[in-house]
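First up is the structure itself, then whatever we jot down about it.
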Amino acid sequence: MAKIVILGGSFGGLTAAFELKRLLGKKAEVSVVSDDDRFVFLPSLPWLIMGWRKPSDITLSVPEILKSKGIQFVHEAVINVDADSSKVRTATKEISYDYLVISTGPYLSFDEIPGLGPDKGYTDCTFTLDHGTKTHESLEKVFESPGPVVLGSSQMVSCFGPSYELAFEIDAELRRRKMRHKVPIIYLTSEPYLGHMGVGGLGNSKRFFEDEFAVRDIKSVVNQAIEEVTPGEIKLKDGTKIPFKMAMVAPPFKGVPAVAPLGNPRGFIPVDKNYRHTKHKNIFTIGVAVAIAPPEATPVPTGVPKTGFMTVKMAKTASATIFADIKGSPPPPANDLDVICIMDMGNTAAYMKAVPVLPPRQESVTKKGVWAKWLKLSFERYFLWKMKHGLSGLP
Amino acid sequence: MAKIVILGGSFGGLTAAFELKRLLGKKAEVSVVSDDDRFVFLPSLPWLIMGWRKPSDITLSVPEILKSKGIQFVHEAVINVDADSSKVRTATKEISYDYLVISTGPYLSFDEIPGLGPDKGYTDCTFTLDHGTKTHESLEKVFESPGPVVLGSSQMVSCFGPSYELAFEIDAELRRRKMRHKVPIIYLTSEPYLGHMGVGGLGNSKRFFEDEFAVRDIKSVVNQAIEEVTPGEIKLKDGTKIPFKMAMVAPPFKGVPAVAPLGNPRGFIPVDKNYRHTKHKNIFTIGVAVAIAPPEATPVPTGVPKTGFMTVKMAKTASATIFADIKGSPPPPANDLDVICIMDMGNTAAYMKAVPVLPPRQESVTKKGVWAKWLKLSFERYFLWKMKHGLSGLP
Amino acid sequence: MAKIVILGGSFGGLTAAFELKRLLGKKAEVSVVSDDDRFVFLPSLPWLIMGWRKPSDITLSVPEILKSKGIQFVHEAVINVDADSSKVRTATKEISYDYLVISTGPYLSFDEIPGLGPDKGYTDCTFTLDHGTKTHESLEKVFESPGPVVLGSSQMVSCFGPSYELAFEIDAELRRRKMRHKVPIIYLTSEPYLGHMGVGGLGNSKRFFEDEFAVRDIKSVVNQAIEEVTPGEIKLKDGTKIPFKMAMVAPPFKGVPAVAPLGNPRGFIPVDKNYRHTKHKNIFTIGVAVAIAPPEATPVPTGVPKTGFMTVKMAKTASATIFADIKGSPPPPANDLDVICIMDMGNTAAYMKAVPVLPPRQESVTKKGVWAKWLKLSFERYFLWKMKHGLSGLP
């Protein structure tokens with residue numbers, strides 16, 4: 001019986017667990033190791049920040065889900081991976097594996113920029129449930145006592161969507177409250193231009209965001225790296241100072257320390273087209289933990305985003321490959337990764353599609369419409385329902 | 001009985017006179033002092049220049065209007081204001097006041113740029129009835145003997161609308177005459193980009209004007225200050241020379257000399273939210289004479305426009321405040337200033353709305369449509385009818 | 001009987017021959033001298049390159065056409081023109097003329113850039129039937145074994161349309177073949193911005209091409225001159241290197257050597273408004289051979305395009321002028337040149353109109369629509385039918 005250990009209990013980890021159990025049944029012992037026993041539907045965190053969702057609306061219990069499927073759950077943090085002896089260590093356990101699936105997501109590297117972050121710094125963050133809850137409180141304070149809001153991404157970020165969404169959502173909410181004119185909104189980013197999103201743009205996304213921001217009076221400051229943050233002020237590397245009442249700034253991304261030694265200098269892990277480690281053949285990596293080279297060097301370094309949608313696709317490919325490996329059959333064909341994402345814009349939404357993710361592309365679309373908003377609202381419910389019932393994610 | 005003296009007989013002066021008389025009736029003696037006994041509907045001056053209006057179409061007699069309302073008219077230029085002793089001096093009179101309302105508009109400071117202006121220089125101007133009449137003649141000469149037309153604004157201008165209108169109108173008229181290809185049109189401006197208009201743009205106005213100019217073959221030269229004008233040539237501070245057959249260039253704006261000592265170094269007068277002088281509590285200032293800080297410093301200095309629409313709103317607030325002051329009641333709440341303006345484009349028009357005037361805004365719109373043209377045509381008639389009957393201006 | 005010699009058997013040469021014969025009948029002896037006995041409908045060469053046309057679809061026999069109209073054909077290359085003694089020399093003949101019409105088109109000056117061109121270099125070309133046939137083969141190889149395609153124009157080019165068309169057509173074809181993501185398309189040009197086309201743009205052409213390229217993932221590199229080409233790589237003057245699997249790059253244009261001594265340093269011939277040589281009154285020049293000053297100097301030198309449409313119009317004016325000259329009547333009025341062109345975009349097309357060709361213009365349009373595609377398809381058939389029957393070209 002194959003022992004399969006999965007690190008991480010979010011999009012990638014759970015999907016891989018479901019897929020491997022579905023494919024292998026009793027032929028495998030599947031375990032998920034995570035220090036967080038909650039599955040959070042991360043795409044809804046901007047809505048939580050806006051006060052449009054409660055934590056319980058977008059959270060599931062990981063052990064409950066896994067139990068019903070006969071998957072083990074180890075509620076502990078991984079300390080390190082010994083790839084040579086195929087073992088994972090936690091504070092209390094040493095777990096050996098035949099196959100390891102790493103889906104540990106990003107390490108939010110606030111420390112690289114003095115004053116950044118909600119814990120030791122002066123900025124808010126939008127990437128975890130706990131940060132989101134705190135950020136919601138900060139936003140409520142802005143509604144009570146208005147002042148400039150800065151949204152955006154520091155250098156070496158590889159996830160731009162939520163900051164764009166929040167810019168649109170906060171704009172829409174302020175207009176609803178008839179107080180938009182009291183809150184300057186500044187979108188600050190390491191992207192070389194609006195709509196770059198770490199992938200060199202997507203169709204006419206540059207013009208799209210420029211126009212949408214102009215119509216909404218959202219100012220942009222592009223192509224910038226942050227030097228430091230002091231209370232109420234962001235200082236850029238070029239010396240510019242941007243005052244803020246509230247700032248939600250994505251920190252540099254790195255690989256999670258426990259698995260970083262398997263990866264490149266920033267801890268992202270190199271894989272082949274089937275998400276198999278380029279050196280350790282029984283280790284697979286999916287999601288943000290994967291190293292993907294950017295399509296072009298940007299003046300300020302940025303990374304390629306790996307969305308939940310992409311991560312689920314990676315999880316399926318990796319699982320099918322492990323299944324083939326165990327059966328002794330050839331690995332499934334590895335396709336170029338494509339992506340669909342729906343960006344909320346407060347009172348409307350945008351549908352974006354890229355096939356493949358990186359240019360040049362067979363297909364690329366950026367389209368706006370209320371139908372996209374409805375699609376986004378429905379998908380949240382659909383995906384959470386699937387996860388709750390141990391079904392892997394996409395249609 | 002309160003003695004109220006109003007300086008200026010245009011949008012602000014007349015509206016304030018009507019409002020104060022309406023509110024105070026026999027409790028106040030209201031006088032208007034102006035060296036010009038004509039009320040000119042200034043928004044129609046571009047049409048006068050185009051030959052689409054005669055002076056009599058857009059002019060009313062100020063003494064006639066005021067007489068029927070029991071308001072005095074002093075047809076003299078103000079020489080100075082003695083704020084400490086509350087007196088206004090003209091060539092023949094010394095008029096004491098309890099309240100003074102300054103609505104003297106801009107001083108067109110042609111002297112700051114050698115060769116500028118219709119009197120001592122080589123360029124035309126679009127801001128007064130007499131200048132407009134002369135400019136119309138210059139334009140007729142271009143139609144007879146075509147050559148390059150330059151339209152625009154020098155440094156320290158705070159009124160960009162008419163130059164944009166004339167660019168569109170001249171383009172449309174030349175096409176009607178099938179001679180557009182014989183007349184290059186150049187829009188020269190101190191604005192940092194097209195559509196800035198002294199207010200940091202308005203919705204997607206940058207893209208709007210760039211596109212509309214491109215489609216109409218109107219060239220733009222932005223972010224420029226003028227060094228000097230010689231016959232047939234404008235020399236910019238950066239050394240560029242722009243030849244012209246006809247040039248309509250707005251001069252730097254200053255405060256009118258008689259009231260300038262009450263203001264900042266350029267003679268614009270600082271006021272609180274109720275348009276009350278920050279130091280002299282019985283002096284109010286409205287319209288172009290008011291000092292409004294620009295929303296952002298521009299590389300070449302520009303000012304915030306104060307349209308007739310805004311001036312009428314200011315006049316109402318100032319009048320209500322004086323009324324409250326006399327009654328001993330608290331001043332009316334002072335709202336952020338907003339603005340609606342309709343820009344003629346020759347064969348169509350654009351509707352622009354900003355709430356408030358300066359960003360960030362609760363609402364901002366730039367929309368094009370023939371309906372806006374009809375609205376502009378009707379509003380001219382409606383406003384002149386109201387003024388003629390001593391009714392203050394807006395709906 | 002007037003002896004009229006025409007150099008060139010393409011759009012200009014044939015139209016002039018037909019027109020002069022129609023006007024003068026037996027009063028003139030008209031000869032066409034050309035080293036190529038084929039008339040090629042050049043606007044369809046991009047379709048030939050795409051494999052959507054065979055050479056026979058777009059080629060007519062010049063001697064056959066001319067014979068039926070009683071026009072002589074000399075199938076020889078011109079060696080030089082002796083303007084003083086009014087004689088044209090070929091390898092075997094010396095032909096005297098009363099009037100000479102030069103319509104020799106461009107000399108493709110590959111030698112000015114090391115490594116450029118299909119004969120001695122590494123790039124393909126889109127301007128002649130033979131080059132087009134070879135280029136089609138290169139493109140087939142890209143479809144078999146994909147890699148980056150570069151399209152565009154080197155310095156001193158004055159014909160940009162076909163490169164734009166091919167960018168759109170190749171994009172469309174690759175999508176049809178579901179392999180667009182395997183072929184980066186780069187549009188490289190000496191134009192200062194997209195949509196300049198050697199004429200300072202045409203309506204909103206800059207924005208039009210920027211948007212259309214963005215939506216189609218076509219990258220652009222503008223305002224560039226080429227230093228040299230090595231196998232698989234273009235080196236720009238600014239040091240940038242652009243790798244390619246296939247590159248179709250328009251070479252610098254010059255006048256054809258045999259007539260170049262009559263022209264400016266690059267061999268283009270100066271004419272008056274009736275296309276009469278500024279010095280030699282019995283020599284006329286039409287089409288690409290004519291010297292037209294660009295509307296504005298561009299950082300990298302570019303030229304004004306002279307399309308088939310324009311060349312046919314020039315041929316008619318020149319013919320009417322010769323006819324008037326022979327009759328002793330005043331020359332016909334010379335109009336500003338205008339142009340209509342339809343740019344294929346693969347699955348749609350754009351209609352462009354400029355009256356006159358150079359700005360400022362009475363009329364300028366860039367419009368997209370499938371109707372334009374149908375118009376282009378029909379016009380090809382219509383024009384070839386007219387030519388075949390010895391009727392001069394436009395409606």
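If you're wondering about the labels, chains in the structure tokens are A, B, ... by order shown, residues count from 1 in each chain, ligands from 1 in order shown.
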Pull the closest atom pair for each residue of chain B that gets at most 10 Å from chain A, along with the distance in Å to one decimal, counting only C-alpha atoms, ordering rows by chain and then ascending residue number, as CSV.
residue,atom,partner,partner_atom,distance
B:Gly200,CA,A:Asp217,CA,9.7
B:Gly201,CA,A:Ala214,CA,8.6
B:Leu202,CA,A:Val215,CA,7.8
B:Gly203,CA,A:Val215,CA,4.1
B:Asn204,CA,A:Ala214,CA,5.1
B:Ser205,CA,A:Ala214,CA,8.2
B:Lys206,CA,A:Ala214,CA,8.5
B:Arg207,CA,A:Asp211,CA,7.9
B:Asp336,CA,A:His181,CA,9.5
B:Val355,CA,A:His181,CA,7.9
B:Pro356,CA,A:His181,CA,7.0
B:Val357,CA,A:His181,CA,9.8
B:Leu358,CA,A:His181,CA,8.5
B:Pro359,CA,A:His181,CA,6.7
B:Pro360,CA,A:His181,CA,4.6
B:Arg361,CA,A:His181,CA,4.1
B:Gln362,CA,A:Arg180,CA,4.6
B:Glu363,CA,A:Arg175,CA,8.0
B:Ser364,CA,A:Val215,CA,7.2
B:Val365,CA,A:Val215,CA,7.5
B:Thr366,CA,A:Val215,CA,8.8
Exercise. Got a sec: who's within 9 Å of Val259 (chain B), counting only C-alpha atoms, leaving out chain neighbours fewer than 2 positions off, as JSON, numbers by chain?
Worked result: {"B": [78, 79, 80, 81, 102, 104, 255, 256, 257, 261, 262, 263, 267, 268, 269, 289]}
The selected residues should be written to file as a JSON list (two decimals), in the first residue's frame (atoms: all heavy atoms).
[["chain", "number", "residue", "atom", "x", "y", "z"],
["B", 78, "VAL", "N", -13.93, 100.40, -9.68],
["B", 78, "VAL", "CA", -13.43, 100.47, -8.30],
["B", 78, "VAL", "C", -11.94, 100.76, -8.36],
["B", 78, "VAL", "O", -11.22, 100.20, -9.19],
["B", 78, "VAL", "CB", -13.65, 99.13, -7.57],
["B", 78, "VAL", "CG1", -13.06, 99.18, -6.18],
["B", 78, "VAL", "CG2", -15.12, 98.80, -7.54],
["B", 79, "ILE", "N", -11.48, 101.66, -7.50],
["B", 79, "ILE", "CA", -10.05, 101.95, -7.46],
["B", 79, "ILE", "C", -9.38, 101.14, -6.36],
["B", 79, "ILE", "O", -8.36, 100.51, -6.58],
["B", 79, "ILE", "CB", -9.80, 103.46, -7.29],
["B", 79, "ILE", "CG1", -10.21, 104.15, -8.60],
["B", 79, "ILE", "CG2", -8.33, 103.73, -6.98],
["B", 79, "ILE", "CD1", -10.32, 105.64, -8.49],
["B", 80, "ASN", "N", -9.98, 101.14, -5.17],
["B", 80, "ASN", "CA", -9.46, 100.24, -4.14],
["B", 80, "ASN", "C", -10.49, 100.01, -3.05],
["B", 80, "ASN", "O", -11.56, 100.63, -3.03],
["B", 80, "ASN", "CB", -8.13, 100.74, -3.56],
["B", 80, "ASN", "CG", -8.30, 102.08, -2.86],
["B", 80, "ASN", "OD1", -9.33, 102.32, -2.23],
["B", 80, "ASN", "ND2", -7.30, 102.94, -2.98],
["B", 81, "VAL", "N", -10.16, 99.08, -2.16],
["B", 81, "VAL", "CA", -11.02, 98.74, -1.04],
["B", 81, "VAL", "C", -10.25, 99.02, 0.24],
["B", 81, "VAL", "O", -9.12, 98.56, 0.38],
["B", 81, "VAL", "CB", -11.42, 97.25, -1.09],
["B", 81, "VAL", "CG1", -12.18, 96.85, 0.17],
["B", 81, "VAL", "CG2", -12.25, 96.95, -2.33],
["B", 102, "ILE", "N", -17.20, 90.62, -3.29],
["B", 102, "ILE", "CA", -16.27, 90.82, -4.41],
["B", 102, "ILE", "C", -16.52, 89.74, -5.45],
["B", 102, "ILE", "O", -16.40, 88.55, -5.16],
["B", 102, "ILE", "CB", -14.81, 90.76, -3.92],
["B", 102, "ILE", "CG1", -14.54, 91.90, -2.93],
["B", 102, "ILE", "CG2", -13.84, 90.83, -5.10],
["B", 102, "ILE", "CD1", -13.19, 91.80, -2.23],
["B", 104, "THR", "N", -15.25, 90.09, -8.96],
["B", 104, "THR", "CA", -14.62, 90.91, -10.00],
["B", 104, "THR", "C", -13.98, 90.09, -11.12],
["B", 104, "THR", "O", -13.43, 90.65, -12.06],
["B", 104, "THR", "CB", -13.55, 91.81, -9.36],
["B", 104, "THR", "OG1", -12.82, 91.04, -8.39],
["B", 104, "THR", "CG2", -14.19, 92.99, -8.65],
["B", 255, "GLY", "N", -5.70, 88.28, -9.91],
["B", 255, "GLY", "CA", -6.82, 89.00, -9.33],
["B", 255, "GLY", "C", -6.85, 90.42, -9.88],
["B", 255, "GLY", "O", -5.82, 90.96, -10.29],
["B", 256, "VAL", "N", -8.03, 91.04, -9.91],
["B", 256, "VAL", "CA", -8.18, 92.41, -10.38],
["B", 256, "VAL", "C", -7.43, 93.36, -9.42],
["B", 256, "VAL", "O", -7.57, 93.22, -8.21],
["B", 256, "VAL", "CB", -9.68, 92.76, -10.47],
["B", 256, "VAL", "CG1", -9.91, 94.25, -10.61],
["B", 256, "VAL", "CG2", -10.32, 91.98, -11.63],
["B", 257, "PRO", "N", -6.61, 94.30, -9.95],
["B", 257, "PRO", "CA", -5.74, 95.12, -9.11],
["B", 257, "PRO", "C", -6.46, 95.81, -7.94],
["B", 257, "PRO", "O", -5.91, 95.86, -6.83],
["B", 257, "PRO", "CB", -5.18, 96.16, -10.09],
["B", 257, "PRO", "CG", -5.19, 95.48, -11.41],
["B", 257, "PRO", "CD", -6.38, 94.55, -11.39],
["B", 261, "PRO", "N", -4.88, 93.53, -3.29],
["B", 261, "PRO", "CA", -4.19, 93.63, -1.98],
["B", 261, "PRO", "C", -4.87, 92.79, -0.89],
["B", 261, "PRO", "O", -4.24, 92.48, 0.11],
["B", 261, "PRO", "CB", -4.29, 95.12, -1.65],
["B", 261, "PRO", "CG", -4.42, 95.80, -2.98],
["B", 261, "PRO", "CD", -5.21, 94.85, -3.83],
["B", 262, "LEU", "N", -6.12, 92.42, -1.09],
["B", 262, "LEU", "CA", -6.81, 91.57, -0.11],
["B", 262, "LEU", "C", -6.45, 90.09, -0.28],
["B", 262, "LEU", "O", -6.89, 89.25, 0.51],
["B", 262, "LEU", "CB", -8.33, 91.71, -0.26],
["B", 262, "LEU", "CG", -8.91, 93.09, 0.04],
["B", 262, "LEU", "CD1", -10.34, 93.20, -0.46],
["B", 262, "LEU", "CD2", -8.84, 93.36, 1.55],
["B", 263, "GLY", "N", -5.67, 89.78, -1.33],
["B", 263, "GLY", "CA", -5.46, 88.37, -1.67],
["B", 263, "GLY", "C", -4.03, 87.90, -1.58],
["B", 263, "GLY", "O", -3.17, 88.53, -0.95],
["B", 267, "GLY", "N", -3.09, 87.81, -6.24],
["B", 267, "GLY", "CA", -4.29, 88.63, -6.10],
["B", 267, "GLY", "C", -5.58, 87.86, -5.96],
["B", 267, "GLY", "O", -6.66, 88.45, -6.00],
["B", 268, "PHE", "N", -5.51, 86.53, -5.79],
["B", 268, "PHE", "CA", -6.73, 85.75, -5.54],
["B", 268, "PHE", "C", -7.00, 85.75, -4.04],
["B", 268, "PHE", "O", -6.08, 85.67, -3.23],
["B", 268, "PHE", "CB", -6.59, 84.33, -6.09],
["B", 268, "PHE", "CG", -6.50, 84.30, -7.58],
["B", 268, "PHE", "CD1", -5.30, 83.95, -8.21],
["B", 268, "PHE", "CD2", -7.59, 84.65, -8.37],
["B", 268, "PHE", "CE1", -5.20, 83.94, -9.59],
["B", 268, "PHE", "CE2", -7.49, 84.63, -9.75],
["B", 268, "PHE", "CZ", -6.30, 84.28, -10.37],
["B", 269, "ILE", "N", -8.27, 85.82, -3.68],
["B", 269, "ILE", "CA", -8.63, 86.13, -2.30],
["B", 269, "ILE", "C", -9.00, 84.87, -1.52],
["B", 269, "ILE", "O", -9.86, 84.09, -1.94],
["B", 269, "ILE", "CB", -9.80, 87.14, -2.30],
["B", 269, "ILE", "CG1", -9.32, 88.43, -2.99],
["B", 269, "ILE", "CG2", -10.27, 87.43, -0.88],
["B", 269, "ILE", "CD1", -10.42, 89.44, -3.26],
["B", 289, "ALA", "N", -12.39, 85.38, -8.62],
["B", 289, "ALA", "CA", -11.57, 86.13, -7.67],
["B", 289, "ALA", "C", -11.12, 85.32, -6.46],
["B", 289, "ALA", "O", -10.19, 85.69, -5.76],
["B", 289, "ALA", "CB", -12.34, 87.37, -7.21]]
Problem set entry | Option closest in space to Gly308 (chain A), from A:Pro46, A:Gly287, A:Gly161, A:Gly232 [counting only C-alpha atoms] |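 Selected residue with least distance to Gly308 (chain A): A:Gly287.
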For this session: Using DSSP on the backbone, list every residue of region 214-286 of chain B that comes out as strand (DSSP E or B), and give them as a ChimeraX atom specification.
Result: /B:218-221,226-230,233-236,241-243,246-250,253-255,269,271,276-277,283-285
For this session: Pull the alpha helix (DSSP H) assignments for region 125-182 of chain C out of DSSP run on the backbone, and list those residues as a PyMOL selection string.
Result: chain C and resi 129-144+161-176
Please write the residues from the selection above to a file, keeping N, CA, C and O atoms, as a compact mmCIF listing (two decimals), in the first residue's frame.
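Generated file (out_35.txt):
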# COMPACT_ATOMS: atom_id res chain seq x y z
N LEU C 129 6.17 38.98 -56.34
CA LEU C 129 5.57 37.65 -56.48
C LEU C 129 6.56 36.56 -56.12
O LEU C 129 6.23 35.61 -55.39
N ASP C 130 7.80 36.70 -56.59
CA ASP C 130 8.79 35.65 -56.33
C ASP C 130 9.15 35.59 -54.84
O ASP C 130 9.23 34.52 -54.26
N HIS C 131 9.34 36.78 -54.27
CA HIS C 131 9.61 36.80 -52.82
C HIS C 131 8.42 36.23 -52.05
O HIS C 131 8.59 35.46 -51.10
N GLY C 132 7.23 36.59 -52.47
CA GLY C 132 6.02 36.13 -51.77
C GLY C 132 5.91 34.62 -51.80
O GLY C 132 5.55 33.99 -50.80
N THR C 133 6.22 34.03 -52.94
CA THR C 133 6.16 32.57 -53.08
C THR C 133 7.13 31.90 -52.12
O THR C 133 6.81 30.94 -51.43
N LYS C 134 8.34 32.47 -52.05
CA LYS C 134 9.34 31.93 -51.14
C LYS C 134 8.92 32.12 -49.68
O LYS C 134 9.11 31.24 -48.84
N THR C 135 8.34 33.27 -49.41
CA THR C 135 7.91 33.58 -48.04
C THR C 135 6.80 32.62 -47.60
O THR C 135 6.75 32.20 -46.44
N HIS C 136 5.93 32.27 -48.54
CA HIS C 136 4.88 31.30 -48.21
C HIS C 136 5.49 29.98 -47.74
O HIS C 136 5.00 29.36 -46.77
N GLU C 137 6.56 29.57 -48.41
CA GLU C 137 7.22 28.33 -47.99
C GLU C 137 7.81 28.45 -46.59
O GLU C 137 7.71 27.53 -45.77
N SER C 138 8.42 29.60 -46.30
CA SER C 138 8.97 29.81 -44.95
C SER C 138 7.87 29.75 -43.91
O SER C 138 8.05 29.18 -42.82
N LEU C 139 6.72 30.32 -44.24
CA LEU C 139 5.62 30.34 -43.27
C LEU C 139 5.10 28.92 -43.02
O LEU C 139 4.79 28.55 -41.87
N GLU C 140 5.04 28.11 -44.09
CA GLU C 140 4.61 26.72 -43.92
C GLU C 140 5.52 25.99 -42.93
O GLU C 140 5.07 25.18 -42.12
N LYS C 141 6.82 26.34 -42.98
CA LYS C 141 7.77 25.71 -42.05
C LYS C 141 7.48 26.12 -40.61
O LYS C 141 7.68 25.33 -39.68
N VAL C 142 7.04 27.35 -40.42
CA VAL C 142 6.69 27.79 -39.06
C VAL C 142 5.48 27.01 -38.55
O VAL C 142 5.42 26.62 -37.39
N PHE C 143 4.53 26.77 -39.45
CA PHE C 143 3.36 26.00 -39.03
C PHE C 143 3.76 24.57 -38.63
O PHE C 143 3.20 23.99 -37.71
N GLU C 144 4.76 24.04 -39.32
CA GLU C 144 5.23 22.68 -38.99
C GLU C 144 6.07 22.66 -37.73
O GLU C 144 5.95 21.78 -36.90
N GLY C 161 1.49 48.89 -44.76
CA GLY C 161 0.24 48.13 -44.76
C GLY C 161 0.41 46.62 -44.77
O GLY C 161 -0.16 45.93 -43.92
N PRO C 162 1.16 46.06 -45.73
CA PRO C 162 1.24 44.59 -45.79
C PRO C 162 1.79 43.96 -44.52
O PRO C 162 1.36 42.86 -44.14
N SER C 163 2.71 44.64 -43.82
CA SER C 163 3.23 44.05 -42.59
C SER C 163 2.15 44.01 -41.51
O SER C 163 2.05 43.04 -40.76
N TYR C 164 1.36 45.07 -41.44
CA TYR C 164 0.23 45.03 -40.50
C TYR C 164 -0.72 43.90 -40.87
O TYR C 164 -1.17 43.12 -40.02
N GLU C 165 -1.05 43.82 -42.16
CA GLU C 165 -1.98 42.77 -42.59
C GLU C 165 -1.46 41.39 -42.21
O GLU C 165 -2.20 40.55 -41.68
N LEU C 166 -0.19 41.14 -42.51
CA LEU C 166 0.35 39.82 -42.23
C LEU C 166 0.36 39.52 -40.74
O LEU C 166 0.14 38.37 -40.33
N ALA C 167 0.60 40.53 -39.90
CA ALA C 167 0.54 40.30 -38.45
C ALA C 167 -0.84 39.78 -38.06
O ALA C 167 -0.97 38.77 -37.34
N PHE C 168 -1.88 40.43 -38.58
CA PHE C 168 -3.25 40.01 -38.27
C PHE C 168 -3.57 38.65 -38.88
O PHE C 168 -4.20 37.80 -38.26
N GLU C 169 -3.15 38.46 -40.13
CA GLU C 169 -3.49 37.22 -40.82
C GLU C 169 -2.81 36.01 -40.20
O GLU C 169 -3.42 34.95 -40.04
N ILE C 170 -1.53 36.17 -39.85
CA ILE C 170 -0.81 35.06 -39.25
C ILE C 170 -1.41 34.74 -37.88
O ILE C 170 -1.59 33.57 -37.51
N ASP C 171 -1.74 35.78 -37.12
CA ASP C 171 -2.42 35.57 -35.84
C ASP C 171 -3.70 34.76 -36.04
O ASP C 171 -3.94 33.77 -35.34
N ALA C 172 -4.52 35.17 -37.01
CA ALA C 172 -5.80 34.49 -37.25
C ALA C 172 -5.57 33.04 -37.67
O ALA C 172 -6.25 32.12 -37.18
N GLU C 173 -4.63 32.83 -38.56
CA GLU C 173 -4.35 31.48 -39.06
C GLU C 173 -3.84 30.57 -37.94
O GLU C 173 -4.25 29.41 -37.83
N LEU C 174 -2.97 31.11 -37.09
CA LEU C 174 -2.44 30.31 -35.98
C LEU C 174 -3.55 29.92 -35.01
O LEU C 174 -3.56 28.81 -34.47
N ARG C 175 -4.49 30.81 -34.79
CA ARG C 175 -5.61 30.47 -33.91
C ARG C 175 -6.48 29.39 -34.53
O ARG C 175 -6.91 28.46 -33.84
N ARG C 176 -6.69 29.51 -35.84
CA ARG C 176 -7.46 28.47 -36.52
C ARG C 176 -6.79 27.12 -36.34
O ARG C 176 -7.44 26.09 -36.17
For this session: To one decimal in Å, tell me the separation between CA of Leu384 (chain C) and CA of Phe39 (chain C).
Result: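 Separation of CA of Leu384 (chain C) and CA of Phe39 (chain C): 9.4 Å.
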Exercise. Quick one: distance from CA of Asp57 (chain B) to CA of Ser145 (chain B) in Å, one decimal?
Worked result: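 CA of Asp57 (chain B) sits 28.0 Å away from CA of Ser145 (chain B).
Rounded to one decimal, CA of Thr128 (chain C) and CA of Val288 (chain C) lie 14.2 Å from each other.
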Exercise. Hey, what's within 12 Å of Lys3 (chain C) if we count only C-alpha atoms and toss same-chain stuff fewer than 4 positions away? As a PyMOL selection string, please?
Worked result: chain C and resi 17+20-21+24+26-32+71-72+86-87+95-101+282+322+326
For this session: Within 9 Å of Met314 (chain A), counting only C-alpha atoms, which residues show up once you throw out same-chain ones fewer than 3 positions away? Write them as a PyMOL selection string, please.
Result: chain A and resi 12+16+274-275+285-287+309-311+317-319+337
Exercise. Smallest atom-to-atom distance to Ile283 (chain B): which of B:Met345, B:Val271, B:Ala260, B:Leu391, using only C-alpha atoms?
Worked result: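 Of B:Met345, B:Val271, B:Ala260, B:Leu391, the one nearest Ile283 (chain B) is B:Val271, counting only C-alpha atoms.
When only C-alpha atoms are used to measure the gap to Ser44 (chain B), the shortest distance among B:Ala293, B:Phe379, B:Ser392, B:Asp119 belongs to B:Phe379.
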Seminar exercise, completed: From the list B:Phe160, B:Pro301, B:Val62, B:Phe127, the nearest residue to His389 (chain B) using only C-alpha atoms is B:Val62
